[in-house]
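A.B. asks: I'd like to ask some things about the structure below.
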Amino acid sequence: STVPMMNFEGLDPGLGEYAPGLHGSLEPGLDSTLDPALLQGVELNHDPLAVPVPESVHLLEGMYSELHSVAAEVGIPVTAAHFDLQEELLWMGNHRGHASSFFGPTMGRYSSFQVHLTDDVRHIQSMDTGVLFLTKSNLKCLTRGGLIMFDYPMEEGTDMHSLLLTDNNTLLMGGLQNYVVELDLNTVQETQKFTVDIPGVAIMRQSNRFFFCGHTSGKVSLRDLRTFKMEHEFDAFSGSLSDFDVHGNLLAACGFSSRGLNGLSCDRFLMVYDLRMMRAVTPLQVHVDPLFLRFIPTYTSRLAIISQSGQCQFCEPTGLANVADIFHVNTVGQLLMSFDVSSSKQALAFGDSGGCVHLWSSAPEVSYNDYSRETELALPCLVDSLPQLDWNNELVPLSLLPMPLTNTEPLLSDWPNNLVTPSPRRAPPVDPEILRTMKTVGFIGYAPNPRTRPRNQVPYKIKEVELEYDSYNQVPESPIGRDEEPHLYMVPKKYRKVTIKYSKLGLEDFDFKHYNRTLFAGLEPHIPNAYCNCMIQVLYFLEPIRCLVQNHLCQKEFCLACELGFLFHMLDLSRGDPCQASNFLRAFRTIPEASALGLILADSDEQTGKARLGRLIQSWNRFILTQLHQETQEQEGPQAYRGTSSSCLGSSGESVIGRLFGCEVENSSLCRCGKETVRSSLTLLFTMHYPEQSSAGFVLDKVQEYNFTDILKKSICLEQSTQAWCENCEKYQPTVQTRNIRCLPDVLVINCEVNSVKEAEFWKAQAEYAFNKALKKEAAEPPKPKEPLPTEWCLEDEHCNVEGLTFDTRAEDLRHVWIPLSLKMCISKTHGLEVSSWPEAEELNAEEEAEGAAVYDLVVTVPHVLDARTGGNLVAHIKVGETYHQRKEGVTHQQWYLFNDFLIEPIDKTEAAQFDVSWKVPAIIYYAKRNYHSKYDLRIKSPIEASVLLTEASLARKQRKSHATFIPLMVSEMPQAGDLVGLDAEFVTLNQEEAELRSDGTKSTIKPSQMSVARITCVRGQGPNEGVPFIDDYISTQEQVVDYLTQYSGIKPGDLDAKISSKHLTTLKSTYLKLRFLIDTGVRFVGHGLQKDFRVINLLVLKDQVIDTVYLFHMPRKRMISLRFLAWYFLELNIQSETHDSIEDARTALQLYRKYLELSRGGQDDFRKVLKGLYEKGRKLDWKVPDVDSADGQGSPKGTAVFPSVLGL
């Protein structure tokens, strides 16, 4: 049952050359198409008694025939051949240490190089990065192109024969000596030596169970994969071993037997061993003298046996060998010296003693590996191949012909000078923002970097910055001159992102009043996640929320309602100075839901404008309402913050948030089968849903006209078709879901969801319709006198066209306005929800009120301002109610304001409803019921009680009573208004400041370092225990600390860690409450540089409650003096010598204040003289405190070192 193969034994060797032709007809081309893995287990029976198969039915049998042969170096034997395992290359190494490689089935010469000067190449092994060549006592690794990667020489006298890659970076080398070396290819160093019996190892193979070592003594040993210890040994041949191979459970070996005195003779029996039972099975008789032997397991475990004279026989290790299975490698009388099989089993390579390499294959288009990577081929040399020129073609460029250059006559390509003058690329225009803010000194202009470009890079193609919209084109950059710039730049100035310019004094000389002439407080933008500043203002100006959170106090460490309460208290106290939401945002960062919703931005996103602020603020809006609702309904009855105060809130499950925004909705799902399920739930806000537009391009006349009130009604009473589970049908069915509301909320919150160009176009088209309608209506009516527009709006907004200004029409105001300033809503029994626009000035009549109708006024709009220069920002238009004006300014009126971080400006009511979507995109709208306040209790009773100052446990596990650095206040010592308290705080930094050096050498702070308070100390300022601390709290922090500033703060890294700290550790909230209680009581704080301390702690303290020793001992327009110098000069104290200690600093500040009172008794003139003396002394000493023990008695200002005794503990 085997296909006859040509047997060339005894034929003229020359005939072998015709082998490919003879076999061509039988060539099945099988191996190239059939996946060998599929046939691995199939065994063909080679029994000669099998039924004969007719010649035409061709059995699947790999037929090998010669494809190509190449002479590398004639006459020099090929001692090693190897198919590359990564690329389509065949490697050979010869007797004189030279290596060559051939590419593909055509065997084109790929690379050729000398590996060793004298020794023969014994073994070649390809790896991912290069190829390993083993010679007698040297291992080299070269790239496939021939560059040396490493050269590893071995000891004198070694005689290496084989190597084995055990994994990607470990290698075993064996030879005719009593050890095998393990080499690490990463470090190219010997890792261990395994001892073996003399005469050493000549051949190594590996299976997944053993290393197999063939010895020249005729034995094969099986060794452990990890320890290399010998597990079994087969004594295969009495003389010597010539080759063996392992496949599956079989090991086959060929070799020589010793024939008495005649020496060795080639044994025609192959020894076959079964590795399951570790014993020999029947030896296999073959018809050639075996020298090489290899399993070629394509679809049976065939063996290829090759003799030295070039005969090759295939047989099954379990069956009998058949003479017909022999073919002959035509070596022209030379002997075979080397042999290899490709990994795909499609190709065999033979190297002979005459320097030829023969490639035999079973397929004409042979591939050596199943998946080869591409070989990098050198580019062919193109010098000699000149293109053919077609003289008849007029378009052929003559320059294709190389021609000798003559200096005598001009060439056609020598253009005249006037045509080849270089025209330099024009520099792009300077950013108008730079020109606008530039200050000129001499002839050099200085301007802060507007940060619109990467550093030191000027792109020549000025790309449009893609911002909020997927395909929204931004404001076109125009080469703007400075004079006309305000008209052309679409975003009005007050809407642009505002930034604080920091000087070396920090914030002290920044003029916030320039941005805010009102008494309301703005919020600072330079804190991570400050994008929500506008929404914090929105919540603050809703009176019920302002009162709710200020009355709220709970025991959770991070509660947003508590933090908002603290922040709103500061906004209440402030008289126009901006506040920081730092503690609120710090708590916000710790809330897992906020993180899950993607509301916590990386610093970089906020700076570069990568964040999609419109979507973000709408998610934030939904999150904060839900969060406040949950946090304020958790308190049941009397609430407790380590005290026994009682809350004015109602029962659990209901919160003021729920009463204010909540709206009970019925969701009904109607399945095909008619089954309806109704669930009711509480919703706090509604999302706008716009009608589906046809996908045909957006031309204005294509978009239908809609009233805002209709869209709003459809969005509230939403009807959608979706797939949902039906209990009745017991499967997913198309279901119509409808939503109806049962009651009207007091404040209607709407997320506009204008998140793509589609919705923006829709909004724009509706505003156009509304505007045109207003123009028509106005044309029909006689004009009325009108209040003047704010002038700035006309200057900034390019849309104030000439007509608009001349006729001063009322309708011109309505450009870009689609939303009404007032709505009427009612739920009627017959029609459900009805929404309609309502004239702002009118009230409902009694009949409508009886029906439950209500008028809603627009109170808040939050637009997202698109600005390609700054990355955009969020602002809020808020209608500020009477109570707020009453408290701040003592007047009762309502007014719309624009809140843009710390910029606050009154605006006209129509501006709040104007959305020119090319730069101002609506995000959030709030409508409030008229006079909705009346049903809420708007009294604020501070929930912080004196009990916060009494003893509390520390968070630190190790704190002992003996370590206490302070004595808490007794009940009898409770502070009264006007009492003195010495205060000092120490800080650590959470991230480094960002600053740049200007070209004139001064430093400009872009973003200050973010500080976090780490220790707060309060010292009694009067009474028998004056100078004894009553608060000395270390604040545990969740955030990563960049720098503990130990030199200035005295805080060591372990101090803030609850596991190892020995200090009195508390949460920021509990210490904050103590300070808030002291401030609310009216105590006066004494300290040095308190302004910064309060700013970082995030407290607002009125000026008359702060006594700052920095300012007490300060002359106008002179430098501020350090506490250390003042203590040395006035109190003869040497403080802060190593590090700062806040107890010492607070006491010293108190003593300095006492000293100040004493010095200023003599009147202002005397005190001025004292200050003058202080400044003179300071200048003389360069403001440094001299060493105490210096010899000339400089130690103390008066010459003697006297220290008053400070009250210890």
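In the structure tokens, chains take the letters A, B, ... in the order shown, each chain's residues start at 1, and ligands count up from 1 in the order shown.
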Return as a PyMOL selection string the full set of residues in stretch 532-686 of chain A whose backbone-based DSSP assignment is helix (DSSP H, G or I).
C.D. replies: chain A and resi 532-540+543-551+560-573+582-589+592-596+603-608+613-633+656-661
A.B. asks: Which residues come within 10 Å of A:Tyr1048, counting only C-alpha atoms, excluding same-chain residues fewer than 4 positions away, as a PyMOL selection string?
C.D. replies: chain A and resi 986-988+1044+1136+1138-1141
A.B. asks: Quick one: residues within 8 Å of stretch 224-231 of chain A, only C-alpha atoms counted, chain neighbours fewer than 4 positions away excluded, as a list in words?
C.D. replies: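 These residues fall inside the cut-off: Phe194, Arg209, Phe210 and Phe211 of chain A.
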A.B. asks: Take the selection from the previous step and output its residues with all heavy atoms, as a short mmCIF file (atom, residue, chain, number, x, y, z; two decimals), in the first residue's frame.
C.D. replies:
```
data_model
loop_
_atom_site.label_atom_id
_atom_site.label_comp_id
_atom_site.auth_asym_id
_atom_site.auth_seq_id
_atom_site.Cartn_x
_atom_site.Cartn_y
_atom_site.Cartn_z
N PHE A 194 26.61 20.92 35.16
CA PHE A 194 26.14 19.61 35.60
C PHE A 194 27.21 18.58 35.22
O PHE A 194 27.68 18.56 34.07
CB PHE A 194 24.84 19.25 34.88
CG PHE A 194 23.75 20.26 35.09
CD1 PHE A 194 23.25 21.01 34.03
CD2 PHE A 194 23.21 20.48 36.36
CE1 PHE A 194 22.25 21.94 34.22
CE2 PHE A 194 22.21 21.41 36.55
CZ PHE A 194 21.73 22.13 35.50
N ARG A 209 9.18 15.56 29.25
CA ARG A 209 9.46 14.85 30.51
C ARG A 209 10.94 14.77 30.84
O ARG A 209 11.31 14.76 32.02
CB ARG A 209 8.90 13.42 30.41
CG ARG A 209 7.37 13.39 30.48
CD ARG A 209 6.82 12.01 30.16
NE ARG A 209 7.36 10.97 31.03
CZ ARG A 209 7.39 9.68 30.70
NH1 ARG A 209 6.94 9.31 29.51
NH2 ARG A 209 7.87 8.78 31.52
N PHE A 210 11.79 14.72 29.80
CA PHE A 210 13.21 14.49 30.08
C PHE A 210 14.10 15.31 29.17
O PHE A 210 13.68 15.74 28.09
CB PHE A 210 13.59 13.01 29.84
CG PHE A 210 12.86 12.04 30.70
CD1 PHE A 210 11.87 11.21 30.17
CD2 PHE A 210 13.15 11.92 32.06
CE1 PHE A 210 11.20 10.30 30.96
CE2 PHE A 210 12.48 11.00 32.85
CZ PHE A 210 11.50 10.20 32.31
N PHE A 211 15.37 15.44 29.60
CA PHE A 211 16.46 15.74 28.67
C PHE A 211 17.02 14.38 28.24
O PHE A 211 17.19 13.49 29.07
CB PHE A 211 17.60 16.51 29.36
CG PHE A 211 17.26 17.93 29.68
CD1 PHE A 211 17.58 18.48 30.92
CD2 PHE A 211 16.64 18.75 28.73
CE1 PHE A 211 17.27 19.78 31.20
CE2 PHE A 211 16.35 20.06 29.02
CZ PHE A 211 16.66 20.58 30.26
#
```
A.B. asks: When you count only C-alpha atoms, which of these residues is closest to A:Asp151: A:Val131, A:Gln334, A:Leu744, A:Leu163?
C.D. replies: A:Val131
A.B. asks: Which residues are close to A:Gln886, i.e. within 12 Å by only C-alpha atoms, leaving aside same-chain residues fewer than 5 positions away? Reply as JSON, numbers by chain.
C.D. replies: {"A": [519, 520, 572, 880, 881, 891, 892, 893, 894]}
A.B. asks: Using only C-alpha atoms for the distances, tell me which of A:Gly1163, A:Val272, A:Gly1087, A:Asp370 is nearest to A:Gln1151.
C.D. replies: A:Gly1087
A.B. asks: If you run DSSP on the backbone here, which positions in stretch 960-1037 of chain A get strand (DSSP E)? Please write them as a ChimeraX atom specification.
C.D. replies: /A:980-991,994-997,1003-1007,1010-1020,1029-1035
A.B. asks: Suppose we keep N, CA and C atoms; can you now write the selection as a CSV table (one decimal), in the first residue's frame?
C.D. replies:
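Final output, result.csv:
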```csv
chain,number,residue,atom,x,y,z
A,980,LEU,N,-8.9,85.5,74.3
A,980,LEU,CA,-7.8,85.3,73.4
A,980,LEU,C,-7.5,83.8,73.2
A,981,VAL,N,-7.2,83.4,72.0
A,981,VAL,CA,-6.7,82.0,71.8
A,981,VAL,C,-5.5,82.1,70.9
A,982,GLY,N,-4.3,81.5,71.3
A,982,GLY,CA,-3.2,81.5,70.4
A,982,GLY,C,-3.3,80.3,69.5
A,983,LEU,N,-3.1,80.6,68.2
A,983,LEU,CA,-3.3,79.5,67.2
A,983,LEU,C,-2.1,79.4,66.3
A,984,ASP,N,-1.8,78.1,65.9
A,984,ASP,CA,-0.8,77.9,64.9
A,984,ASP,C,-1.1,76.6,64.2
A,985,ALA,N,-0.8,76.6,62.9
A,985,ALA,CA,-1.1,75.4,62.1
A,985,ALA,C,0.1,75.0,61.3
A,986,GLU,N,0.3,73.8,61.1
A,986,GLU,CA,1.4,73.3,60.2
A,986,GLU,C,0.8,72.6,59.0
A,987,PHE,N,1.5,72.6,57.9
A,987,PHE,CA,1.0,72.0,56.6
A,987,PHE,C,1.9,71.1,56.0
A,988,VAL,N,1.4,70.2,55.1
A,988,VAL,CA,2.2,69.4,54.2
A,988,VAL,C,1.7,69.7,52.8
A,989,THR,N,2.5,69.4,51.8
A,989,THR,CA,2.0,69.7,50.4
A,989,THR,C,1.6,68.4,49.8
A,990,LEU,N,0.5,68.5,49.0
A,990,LEU,CA,-0.1,67.4,48.3
A,990,LEU,C,0.4,67.3,46.9
A,991,ASN,N,0.7,68.5,46.3
A,991,ASN,CA,1.3,68.4,45.0
A,991,ASN,C,2.2,69.6,44.8
A,994,GLU,N,3.2,74.6,40.1
A,994,GLU,CA,3.6,74.7,38.8
A,994,GLU,C,4.0,76.2,38.5
A,995,ALA,N,5.2,76.4,38.1
A,995,ALA,CA,5.7,77.8,37.9
A,995,ALA,C,6.5,77.8,36.7
A,996,GLU,N,6.7,79.0,36.2
A,996,GLU,CA,7.7,79.1,35.1
A,996,GLU,C,8.5,80.4,35.3
A,997,LEU,N,9.7,80.4,34.7
A,997,LEU,CA,10.5,81.6,34.8
A,997,LEU,C,10.2,82.4,33.6
A,1003,LYS,N,9.8,84.9,38.6
A,1003,LYS,CA,9.1,83.6,38.6
A,1003,LYS,C,7.6,83.9,38.6
A,1004,SER,N,6.9,83.1,37.8
A,1004,SER,CA,5.4,83.3,37.7
A,1004,SER,C,4.8,82.0,38.1
A,1005,THR,N,3.9,82.1,39.1
A,1005,THR,CA,3.3,80.8,39.5
A,1005,THR,C,2.0,80.6,38.7
A,1006,ILE,N,2.0,79.5,38.0
A,1006,ILE,CA,0.8,79.2,37.2
A,1006,ILE,C,-0.3,78.6,38.1
A,1007,LYS,N,0.2,77.7,39.0
A,1007,LYS,CA,-0.8,77.0,39.9
A,1007,LYS,C,0.0,76.8,41.2
A,1010,GLN,N,-0.6,72.6,46.3
A,1010,GLN,CA,-1.8,72.4,47.1
A,1010,GLN,C,-1.4,72.0,48.4
A,1011,MET,N,-1.8,72.7,49.5
A,1011,MET,CA,-1.3,72.4,50.8
A,1011,MET,C,-2.5,71.7,51.5
A,1012,SER,N,-2.1,70.9,52.5
A,1012,SER,CA,-3.2,70.3,53.4
A,1012,SER,C,-2.7,70.5,54.8
A,1013,VAL,N,-3.7,70.8,55.7
A,1013,VAL,CA,-3.3,71.1,57.0
A,1013,VAL,C,-3.0,69.8,57.7
A,1014,ALA,N,-1.9,69.8,58.5
A,1014,ALA,CA,-1.5,68.5,59.1
A,1014,ALA,C,-1.5,68.6,60.7
A,1015,ARG,N,-1.4,69.8,61.2
A,1015,ARG,CA,-1.4,69.9,62.7
A,1015,ARG,C,-2.0,71.3,63.0
A,1016,ILE,N,-2.9,71.3,64.0
A,1016,ILE,CA,-3.5,72.5,64.5
A,1016,ILE,C,-3.4,72.6,66.0
A,1017,THR,N,-2.9,73.7,66.5
A,1017,THR,CA,-2.7,73.9,67.9
A,1017,THR,C,-3.4,75.1,68.4
A,1018,CYS,N,-4.2,75.0,69.5
A,1018,CYS,CA,-4.8,76.2,70.1
A,1018,CYS,C,-4.3,76.3,71.5
A,1019,VAL,N,-3.9,77.5,72.0
A,1019,VAL,CA,-3.3,77.7,73.3
A,1019,VAL,C,-4.2,78.6,74.1
A,1020,ARG,N,-4.5,78.4,75.4
A,1020,ARG,CA,-5.3,79.3,76.2
A,1020,ARG,C,-4.6,80.6,76.2
A,1029,PRO,N,-1.7,74.4,75.9
A,1029,PRO,CA,-2.6,74.1,74.7
A,1029,PRO,C,-3.8,73.4,75.1
A,1030,PHE,N,-5.0,73.6,74.4
A,1030,PHE,CA,-6.2,72.8,74.7
A,1030,PHE,C,-6.6,72.1,73.4
A,1031,ILE,N,-6.0,72.4,72.3
A,1031,ILE,CA,-6.1,71.6,71.1
A,1031,ILE,C,-4.7,71.4,70.5
A,1032,ASP,N,-4.4,70.1,70.3
A,1032,ASP,CA,-3.1,69.9,69.5
A,1032,ASP,C,-3.4,68.7,68.7
A,1033,ASP,N,-4.1,68.9,67.6
A,1033,ASP,CA,-4.6,67.8,66.7
A,1033,ASP,C,-3.7,67.6,65.5
A,1034,TYR,N,-3.3,66.3,65.3
A,1034,TYR,CA,-2.7,66.0,64.0
A,1034,TYR,C,-3.8,65.5,63.1
A,1035,ILE,N,-3.8,65.9,61.9
A,1035,ILE,CA,-5.0,65.6,61.0
A,1035,ILE,C,-4.6,64.4,60.1
```
A.B. asks: Quick one: residues within 12 Å of A:Gly97, only C-alpha atoms, excluding same-chain residues fewer than 2 positions away - as a PyMOL selection string?
C.D. replies: chain A and resi 73+76-80+92-95+99-100+112-124+133-136+138-140
A.B. asks: Go ahead and save the residues from that selection, with N, CA and C atoms, as an mmCIF file, in the first residue's frame.
C.D. replies:
```cif
data_model
loop_
_atom_site.group_PDB
_atom_site.id
_atom_site.type_symbol
_atom_site.label_atom_id
_atom_site.label_comp_id
_atom_site.auth_asym_id
_atom_site.auth_seq_id
_atom_site.Cartn_x
_atom_site.Cartn_y
_atom_site.Cartn_z
ATOM 1 N N GLU A 73 30.787 26.982 -0.454
ATOM 2 C CA GLU A 73 32.206 27.155 -0.778
ATOM 3 C C GLU A 73 32.683 25.793 -1.252
ATOM 4 N N ILE A 76 34.776 22.660 0.650
ATOM 5 C CA ILE A 76 34.871 22.748 2.112
ATOM 6 C C ILE A 76 33.612 22.134 2.714
ATOM 7 N N PRO A 77 33.758 21.057 3.494
ATOM 8 C CA PRO A 77 32.574 20.324 3.966
ATOM 9 C C PRO A 77 31.600 21.205 4.762
ATOM 10 N N VAL A 78 30.296 20.932 4.562
ATOM 11 C CA VAL A 78 29.234 21.625 5.308
ATOM 12 C C VAL A 78 29.029 20.839 6.605
ATOM 13 N N THR A 79 29.430 21.407 7.732
ATOM 14 C CA THR A 79 29.403 20.639 8.978
ATOM 15 C C THR A 79 28.114 20.825 9.770
ATOM 16 N N ALA A 80 27.315 21.843 9.449
ATOM 17 C CA ALA A 80 26.048 22.037 10.194
ATOM 18 C C ALA A 80 25.027 22.659 9.256
ATOM 19 N N MET A 92 23.734 27.347 7.050
ATOM 20 C CA MET A 92 24.755 26.313 7.008
ATOM 21 C C MET A 92 26.056 26.863 7.589
ATOM 22 N N GLY A 93 26.818 25.959 8.222
ATOM 23 C CA GLY A 93 28.131 26.367 8.713
ATOM 24 C C GLY A 93 29.138 25.363 8.188
ATOM 25 N N ASN A 94 30.358 25.822 7.813
ATOM 26 C CA ASN A 94 31.285 24.866 7.207
ATOM 27 C C ASN A 94 32.504 24.590 8.075
ATOM 28 N N HIS A 95 33.384 23.775 7.521
ATOM 29 C CA HIS A 95 34.528 23.256 8.258
ATOM 30 C C HIS A 95 35.531 24.348 8.619
ATOM 31 N N ALA A 99 29.745 30.878 7.922
ATOM 32 C CA ALA A 99 28.304 30.588 7.921
ATOM 33 C C ALA A 99 27.642 31.337 6.779
ATOM 34 N N SER A 100 26.631 30.721 6.179
ATOM 35 C CA SER A 100 25.853 31.396 5.128
ATOM 36 C C SER A 100 24.386 31.090 5.364
ATOM 37 N N SER A 112 26.245 36.080 4.663
ATOM 38 C CA SER A 112 27.385 35.184 4.696
ATOM 39 C C SER A 112 28.460 35.851 5.528
ATOM 40 N N PHE A 113 29.007 35.163 6.514
ATOM 41 C CA PHE A 113 29.999 35.802 7.382
ATOM 42 C C PHE A 113 30.840 34.746 8.070
ATOM 43 N N GLN A 114 32.001 35.173 8.563
ATOM 44 C CA GLN A 114 32.915 34.272 9.256
ATOM 45 C C GLN A 114 32.508 34.205 10.717
ATOM 46 N N VAL A 115 32.331 32.976 11.247
ATOM 47 C CA VAL A 115 31.948 32.835 12.656
ATOM 48 C C VAL A 115 33.200 32.614 13.500
ATOM 49 N N HIS A 116 34.093 31.759 13.028
ATOM 50 C CA HIS A 116 35.323 31.515 13.773
ATOM 51 C C HIS A 116 36.472 31.419 12.784
ATOM 52 N N LEU A 117 37.657 31.856 13.198
ATOM 53 C CA LEU A 117 38.766 31.914 12.249
ATOM 54 C C LEU A 117 39.180 30.530 11.755
ATOM 55 N N THR A 118 39.190 29.538 12.672
ATOM 56 C CA THR A 118 39.744 28.240 12.274
ATOM 57 C C THR A 118 38.788 27.086 12.480
ATOM 58 N N ASP A 119 38.075 27.091 13.625
ATOM 59 C CA ASP A 119 37.305 25.903 13.982
ATOM 60 C C ASP A 119 36.047 25.738 13.150
ATOM 61 N N ASP A 120 35.617 24.465 13.019
ATOM 62 C CA ASP A 120 34.397 24.192 12.261
ATOM 63 C C ASP A 120 33.156 24.558 13.083
ATOM 64 N N VAL A 121 32.077 24.876 12.372
ATOM 65 C CA VAL A 121 30.801 25.194 13.030
ATOM 66 C C VAL A 121 30.138 23.859 13.346
ATOM 67 N N ARG A 122 29.793 23.604 14.625
ATOM 68 C CA ARG A 122 29.285 22.291 14.999
ATOM 69 C C ARG A 122 27.766 22.254 15.132
ATOM 70 N N HIS A 123 27.190 23.398 15.512
ATOM 71 C CA HIS A 123 25.737 23.376 15.751
ATOM 72 C C HIS A 123 25.213 24.789 15.519
ATOM 73 N N ILE A 124 24.056 24.900 14.877
ATOM 74 C CA ILE A 124 23.439 26.226 14.653
ATOM 75 C C ILE A 124 22.044 26.181 15.264
ATOM 76 N N PHE A 133 25.818 30.130 17.093
ATOM 77 C CA PHE A 133 26.745 29.239 16.387
ATOM 78 C C PHE A 133 27.689 28.641 17.424
ATOM 79 N N LEU A 134 27.769 27.301 17.457
ATOM 80 C CA LEU A 134 28.665 26.643 18.402
ATOM 81 C C LEU A 134 29.872 26.106 17.643
ATOM 82 N N THR A 135 31.073 26.491 18.082
ATOM 83 C CA THR A 135 32.276 25.856 17.551
ATOM 84 C C THR A 135 32.900 25.091 18.717
ATOM 85 N N LYS A 136 34.091 24.551 18.488
ATOM 86 C CA LYS A 136 34.696 23.649 19.460
ATOM 87 C C LYS A 136 34.735 24.249 20.869
ATOM 88 N N ASN A 138 33.772 27.730 21.593
ATOM 89 C CA ASN A 138 33.283 29.107 21.547
ATOM 90 C C ASN A 138 31.810 29.110 21.162
ATOM 91 N N LEU A 139 31.035 30.034 21.762
ATOM 92 C CA LEU A 139 29.624 30.197 21.369
ATOM 93 C C LEU A 139 29.447 31.637 20.942
ATOM 94 N N LYS A 140 28.898 31.839 19.748
ATOM 95 C CA LYS A 140 28.695 33.214 19.274
ATOM 96 C C LYS A 140 27.224 33.387 18.943
#
```
A.B. asks: So how many Å separate atom CA of A:Glu842 and atom CA of A:Lys909, to one decimal?
C.D. replies: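 Atom-to-atom, atom CA of A:Glu842 and atom CA of A:Lys909 are spaced 16.4 Å apart.
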A.B. asks: Give me the residues of stretch 94-202 of chain A that have any atom at most 12 Å from an atom of stretch 243-253 of chain A; for each, the nearest atom pair and the distance in Å, rounded to one decimal. Use only C-alpha atoms, sort by chain and number, and format it as CSV.
C.D. replies:
```
residue,atom,partner,partner_atom,distance
A:Ser162,CA,A:Asp243,CA,12.0
A:Val201,CA,A:Asp243,CA,11.9
A:Ala202,CA,A:Asp243,CA,9.2
```
A.B. asks: Once you have the residues from the selection above, write them out as a PDB file, in the first residue's frame, restricted to C-alpha atoms.
C.D. replies:
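Saved the output as result.pdb:
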```pdb
ATOM      1  CA  SER A 162      25.772  20.196  20.744  1.00  0.00           C
ATOM      2  CA  VAL A 201      27.547  14.256  25.664  1.00  0.00           C
ATOM      3  CA  ALA A 202      27.509  14.436  21.890  1.00  0.00           C
TER       4      ALA A 202
END
```
A.B. asks: So, counting only C-alpha atoms, which residue among A:Met570, A:Leu359, A:Ile434, A:Leu147 is closest to A:Tyr64?
C.D. replies: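 Ranking A:Met570, A:Leu359, A:Ile434, A:Leu147 by distance to A:Tyr64, first place goes to A:Leu359.
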A.B. asks: Return the single residue from A:Asp908, A:Glu66, A:Asp197, A:Asp746 that is closest to A:Val329, with distances computed using only C-alpha atoms.
C.D. replies: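 Counting only C-alpha atoms, the residue closest to A:Val329 is A:Glu66.
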A.B. asks: In terms of the shortest atom-to-atom distance over only C-alpha atoms, which of A:Arg659, A:Val70, A:Arg425, A:Phe541 is closest to A:Lys879?
C.D. replies: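 Of all the options, A:Phe541 lies closest to A:Lys879.
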A.B. asks: Using only C-alpha atoms, which protein or nucleic acid residues come within 12 Å of A:Glu730? Drop anything in the same chain fewer than 4 positions from it, and give the result as a PDB file with C-alpha atoms, in the first residue's frame.
C.D. replies:
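Output contents, as saved in result33.pdb:
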```pdb
ATOM      1  CA  CYS A 671     -46.550  44.709  26.789  1.00  0.00           C
ATOM      2  CA  CYS A 673     -50.025  40.942  25.322  1.00  0.00           C
ATOM      3  CA  LYS A 675     -50.216  43.229  30.557  1.00  0.00           C
ATOM      4  CA  ALA A 724     -38.441  44.503  28.308  1.00  0.00           C
ATOM      5  CA  TRP A 725     -39.165  41.309  30.237  1.00  0.00           C
ATOM      6  CA  CYS A 726     -42.807  40.425  30.473  1.00  0.00           C
TER       7      CYS A 726
END
```
A.B. asks: Do a neighbour search on A:Lys345 at 8 Å with only C-alpha atoms, toss out local chain neighbours closer than 6 positions, and write the hits as a list in words.
C.D. replies: Ile296, Pro297, Thr298 and Tyr368 of chain A
A.B. asks: Atom CA of A:Ile657 and atom CA of A:His629, how far apart in Å?
C.D. replies: 5.3 Å
A.B. asks: Compare A:Ala765, A:Leu1056, A:Cys141, A:Leu1112 by their minimum atom-to-atom distance to A:Val188, counting only C-alpha atoms, and give me the closest one.
C.D. replies: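 Going through A:Ala765, A:Leu1056, A:Cys141, A:Leu1112 one by one, the smallest distance to A:Val188 is for A:Cys141.
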A.B. asks: For atom CA of A:Leu176 and atom CA of A:Ala280, determine how far apart the two atoms are, in Å to one decimal place.
C.D. replies: 26.4 Å
